[in-house]
Amino acid sequence: MRPEITDRYYRVYTYQQTDRVPDVEFGYWPQTIRRWLREGMPLELTPAEQNEMFSRKVSQFMGLDRQPQGWICLNTGMNPEFEYQVLEKREHSTVVRDTNGSVAERFLNDQDDSSIPHYIDFPVKTPDDWKAMKERYRIDDPVRLVKTETLEGLRKAAGEGKMVTIQCPGPYGMLREWMGFENLSMAFYEYPEMIHDMIEHMTELSLHQLRQIPRDIPIDMSSWWEDMASKNGPFVGPVMFRDFLQSQYHSIQEELKKHGMVLGIVDCDGNPHDIVANWMEEGVNIMFPCEVAAGVDMYAWRKEFGKELRLKGGIAKTPLAEGGKAIDRELERIRPMLEQGGYIPHLDHLVPPDVSYRNYLEYLEKKRKLIGKI
């Protein structure tokens with residue numbers, strides 16, 4: 001732990017004294033932003049900006065805190081990428097082959113009934129497909145070299161008392177990008193050796209870059225993206241997680257601990273309760289976004305795992321659509337967790353379009369009073 005870090009985020013999660021928790025939120029569906037503009041939100045946004053789910057411009061306008069930290073993202077993407085191709089144009093969507101090699105029907109974000117893409121085909125189905133894909137992830141590719149200016153930026157950020165965070169590739173999330181949910185689910189049983197090779201290769205790809213970071217540069221937190229659960233639970237159980245996926249977490253987390261890392265956060269929608277213990281075993285100790293509608297009970301989790309488990313998110317979206325006393329009740333519900341510490345409150349996912357601009361501003365004001373910002 002580095003007591004010299006002044007960032008509220010770090011101090012909340014290391015249970016150090018701070019004036020208040022950060023005032024942060026997750027993001028916005030494009031349809032929500034368009035509704036707010038129609039309702040009078042005084043912000044100039046281009047059509048492209050209206051389609052950003054994680055708009056810095058909107059966050060700044062809302063007065064949310066910016067987190068002062070140094071970031072490094074491991075270059076674990078494919079090189080070369082696939083050629084982007086439009087295969088078919090439809091009235092409200094296009095069928096494309098994206099740069100990851102997947103074929104999907106993508107709905108236009110300027111349609112109020114638009115949704116996430118509907119995936120049709122994926123580039124990896126068999127071991128032969130993986131053999132070809134593996135060539136796009138060569139460990140000796142020059143793009144895997146960590147730039148000197150990146151290292152200097154991290155050293156400078158750490159010297160200024162900022163938290164240093166590294167973005168790591170989630171093993172399940174990566175495999176699902178290549179194979180899709182159904183193909184991957186079957187491959188654990190049909191092609192276990194291929195799955196192990198995928199995990200081993202991507203682990204080495206990450207470690208190759210991590211070992212280029214001098215030990216005098218601290219790394220305070222790892223950040224992982226998985227989205228490997230629904231309201232019915234995680235897509236793999238704890239035994240399968242340990243047998244196939246956990247080795248990547250273990251190897252990378254052990255390397256990061258050599259740099260003083262004490263925090264790890266995982267972004268997983270749905271209710272991943274059954275594999276929380278697997279993550280925590282490897283030092284991934286912040287669960288996010290804690291979706292209420294999926295059945296996540298933060299108080300039950302904290303009782304089970306103790307204060308070693310940190311939480312982020314956990315505010316239900318439905319009360320914001322109702323407004324007024326519904327917002328009051330929801331904020332009172334999370335107050336005891338806030339008082340326990342190790343928790344940063346915000347909505348448990350993107351703001352949906354049934355939340356009015358007025359109600360969102362009401363929510364922000366009431367939340368800011370709760371956390372002591374105003």
# chains A, B, ... in the order shown; residues from 1 in each chain; ligands from 1

call {"tool": "closest_atom_pairs", "arguments": {"of": "region 188-293 of chain A", "to": "region 1-8 of chain A", "cutoff": "9 Å", "atoms": "only C-alpha atoms", "output": "Markdown table"}}
result
| residue | atom | partner | partner_atom | distance |
| --- | --- | --- | --- | --- |
| A:Asp220 | CA | A:Met1 | CA | 7.8 |
| A:Gly260 | CA | A:Met1 | CA | 7.0 |
| A:Met261 | CA | A:Met1 | CA | 7.7 |
| A:Val262 | CA | A:Met1 | CA | 6.4 |

call {"tool": "residues_around", "arguments": {"residues": "region 308-324 of chain A", "least_positions_apart": "5", "cutoff": "7 Å", "atoms": "only C-alpha atoms", "output": "list in words"}}
result
Tyr13, Asn285, Ile286, Met287, Phe288, Pro289, Cys290, Glu291, Val292, Arg302, Glu330, Gly342, Tyr343, Ile344, Pro345, His346, Leu347, Asp348, Asp354, Val355, Ser356, Asn359, Tyr360 and Tyr363 of chain A

call {"tool": "closest_residue", "arguments": {"among": "A:Ala294, A:Ile166, A:Leu45, A:Ile199", "to": "Ile72 (chain A)", "atoms": "only C-alpha atoms"}}
result
A:Ile166

call {"tool": "select_by_dssp", "arguments": {"residues": "region 265-345 of chain A", "states": "helix (DSSP H, G or I)", "output": "ChimeraX atom specification"}}
result
/A:273-281,298-308,318-322,325-340

call {"tool": "residues_around", "arguments": {"residues": "Lys162 (chain A)", "least_positions_apart": "4", "cutoff": "6 Å", "atoms": "only C-alpha atoms", "output": "list of chain:residue names"}}
result
A:Ile5, A:Gln69, A:Ala157, A:Ala158

call {"tool": "write_last_selection", "arguments": {"atoms": "C-alpha atoms", "output": "PDB file, in the first residue's frame"}}
result
ATOM      1  CA  ILE A   5      -1.405   8.448  -2.918  1.00  0.00           C
ATOM      2  CA  GLN A  69      -4.107   8.269 -12.239  1.00  0.00           C
ATOM      3  CA  ALA A 157       2.286   9.749 -12.380  1.00  0.00           C
ATOM      4  CA  ALA A 158       3.528   7.607  -9.494  1.00  0.00           C
TER       5      ALA A 158
END

call {"tool": "select_by_dssp", "arguments": {"residues": "region 10-230 of chain A", "states": "strand (DSSP E)", "output": "PyMOL selection string"}}
result
chain A and resi 69-73+85-89+93-97+103-107+118-121+163-168+221-225+229-230

call {"tool": "write_last_selection", "arguments": {"atoms": "N, CA and C atoms", "output": "tab-separated table (two decimals), in the first residue's frame"}}
result
chain	number	residue	atom	x	y	z
A	69	GLN	N	-4.90	9.48	-12.34
A	69	GLN	CA	-4.11	8.27	-12.24
A	69	GLN	C	-3.31	8.06	-13.50
A	70	GLY	N	-2.34	7.16	-13.41
A	70	GLY	CA	-1.61	6.73	-14.58
A	70	GLY	C	-2.20	5.43	-15.09
A	71	TRP	N	-2.36	5.32	-16.41
A	71	TRP	CA	-2.97	4.13	-17.01
A	71	TRP	C	-2.00	3.49	-17.99
A	72	ILE	N	-1.99	2.17	-18.02
A	72	ILE	CA	-1.31	1.45	-19.09
A	72	ILE	C	-2.20	0.30	-19.51
A	73	CYS	N	-2.41	0.17	-20.80
A	73	CYS	CA	-3.20	-0.94	-21.34
A	73	CYS	C	-2.24	-1.88	-22.07
A	85	GLN	N	-15.78	-5.14	-43.28
A	85	GLN	CA	-16.59	-5.28	-44.49
A	85	GLN	C	-18.07	-5.13	-44.16
A	86	VAL	N	-18.77	-4.35	-44.95
A	86	VAL	CA	-20.22	-4.29	-44.86
A	86	VAL	C	-20.78	-5.35	-45.80
A	87	LEU	N	-21.43	-6.35	-45.24
A	87	LEU	CA	-21.93	-7.48	-46.02
A	87	LEU	C	-23.35	-7.27	-46.52
A	88	GLU	N	-24.13	-6.50	-45.75
A	88	GLU	CA	-25.53	-6.27	-46.14
A	88	GLU	C	-26.05	-5.03	-45.42
A	89	LYS	N	-26.83	-4.22	-46.12
A	89	LYS	CA	-27.47	-3.05	-45.52
A	89	LYS	C	-28.96	-3.30	-45.40
A	93	SER	N	-30.34	-1.48	-39.78
A	93	SER	CA	-29.13	-2.16	-39.33
A	93	SER	C	-28.24	-2.47	-40.53
A	94	THR	N	-27.03	-2.88	-40.22
A	94	THR	CA	-26.11	-3.38	-41.24
A	94	THR	C	-25.51	-4.69	-40.75
A	95	VAL	N	-25.26	-5.60	-41.68
A	95	VAL	CA	-24.54	-6.83	-41.36
A	95	VAL	C	-23.10	-6.64	-41.77
A	96	VAL	N	-22.19	-6.76	-40.82
A	96	VAL	CA	-20.78	-6.46	-41.09
A	96	VAL	C	-19.88	-7.59	-40.59
A	97	ARG	N	-18.71	-7.67	-41.21
A	97	ARG	CA	-17.61	-8.44	-40.63
A	97	ARG	C	-16.68	-7.42	-39.99
A	103	VAL	N	-18.98	-11.76	-37.61
A	103	VAL	CA	-20.07	-11.26	-38.44
A	103	VAL	C	-21.24	-10.94	-37.53
A	104	ALA	N	-21.75	-9.71	-37.63
A	104	ALA	CA	-22.83	-9.29	-36.73
A	104	ALA	C	-23.78	-8.35	-37.44
A	105	GLU	N	-25.04	-8.40	-37.01
A	105	GLU	CA	-26.02	-7.40	-37.42
A	105	GLU	C	-25.96	-6.28	-36.38
A	106	ARG	N	-25.53	-5.11	-36.82
A	106	ARG	CA	-25.36	-3.99	-35.91
A	106	ARG	C	-26.48	-2.98	-36.13
A	107	PHE	N	-27.23	-2.70	-35.07
A	107	PHE	CA	-28.35	-1.79	-35.14
A	107	PHE	C	-27.85	-0.36	-34.99
A	118	HIS	N	-26.38	-8.23	-32.89
A	118	HIS	CA	-26.79	-9.64	-32.97
A	118	HIS	C	-25.69	-10.37	-33.74
A	119	TYR	N	-24.92	-11.20	-33.04
A	119	TYR	CA	-23.79	-11.88	-33.67
A	119	TYR	C	-24.25	-13.11	-34.43
A	120	ILE	N	-23.68	-13.28	-35.62
A	120	ILE	CA	-24.09	-14.34	-36.54
A	120	ILE	C	-23.00	-15.40	-36.68
A	121	ASP	N	-21.73	-14.99	-36.72
A	121	ASP	CA	-20.65	-15.93	-36.93
A	121	ASP	C	-19.38	-15.41	-36.25
A	163	MET	N	-2.45	7.12	-8.42
A	163	MET	CA	-2.59	5.68	-8.53
A	163	MET	C	-2.24	5.24	-9.94
A	164	VAL	N	-1.54	4.14	-10.06
A	164	VAL	CA	-1.18	3.58	-11.36
A	164	VAL	C	-2.00	2.31	-11.59
A	165	THR	N	-2.72	2.28	-12.69
A	165	THR	CA	-3.63	1.16	-13.01
A	165	THR	C	-3.22	0.53	-14.33
A	166	ILE	N	-3.30	-0.78	-14.40
A	166	ILE	CA	-3.00	-1.49	-15.64
A	166	ILE	C	-4.23	-2.26	-16.10
A	167	GLN	N	-4.57	-2.12	-17.38
A	167	GLN	CA	-5.71	-2.82	-17.95
A	167	GLN	C	-5.25	-4.17	-18.46
A	168	CYS	N	-5.87	-5.23	-17.97
A	168	CYS	CA	-5.50	-6.60	-18.33
A	168	CYS	C	-6.62	-7.26	-19.12
A	221	MET	N	-3.14	-1.04	-9.12
A	221	MET	CA	-4.40	-1.76	-9.35
A	221	MET	C	-4.41	-2.39	-10.73
A	222	SER	N	-4.93	-3.59	-10.82
A	222	SER	CA	-5.21	-4.23	-12.10
A	222	SER	C	-6.69	-4.08	-12.39
A	223	SER	N	-7.03	-3.96	-13.68
A	223	SER	CA	-8.42	-3.79	-14.08
A	223	SER	C	-8.74	-4.83	-15.15
A	224	TRP	N	-9.80	-5.61	-14.93
A	224	TRP	CA	-10.18	-6.72	-15.81
A	224	TRP	C	-11.61	-6.53	-16.30
A	225	TRP	N	-11.87	-6.96	-17.53
A	225	TRP	CA	-13.23	-6.97	-18.06
A	225	TRP	C	-13.59	-8.40	-18.44
A	229	ALA	N	-21.49	-13.31	-16.67
A	229	ALA	CA	-22.57	-13.78	-15.81
A	229	ALA	C	-23.89	-13.16	-16.25
A	230	SER	N	-24.98	-13.81	-15.89
A	230	SER	CA	-26.32	-13.28	-16.08
A	230	SER	C	-27.00	-13.27	-14.72

call {"tool": "atom_distance", "arguments": {"atom1": "CA of Ser55 (chain A)", "atom2": "CA of Pro353 (chain A)"}}
result
15.6 Å

call {"tool": "atom_distance", "arguments": {"atom1": "CA of Trp178 (chain A)", "atom2": "CA of Thr76 (chain A)"}}
result
13.2 Å
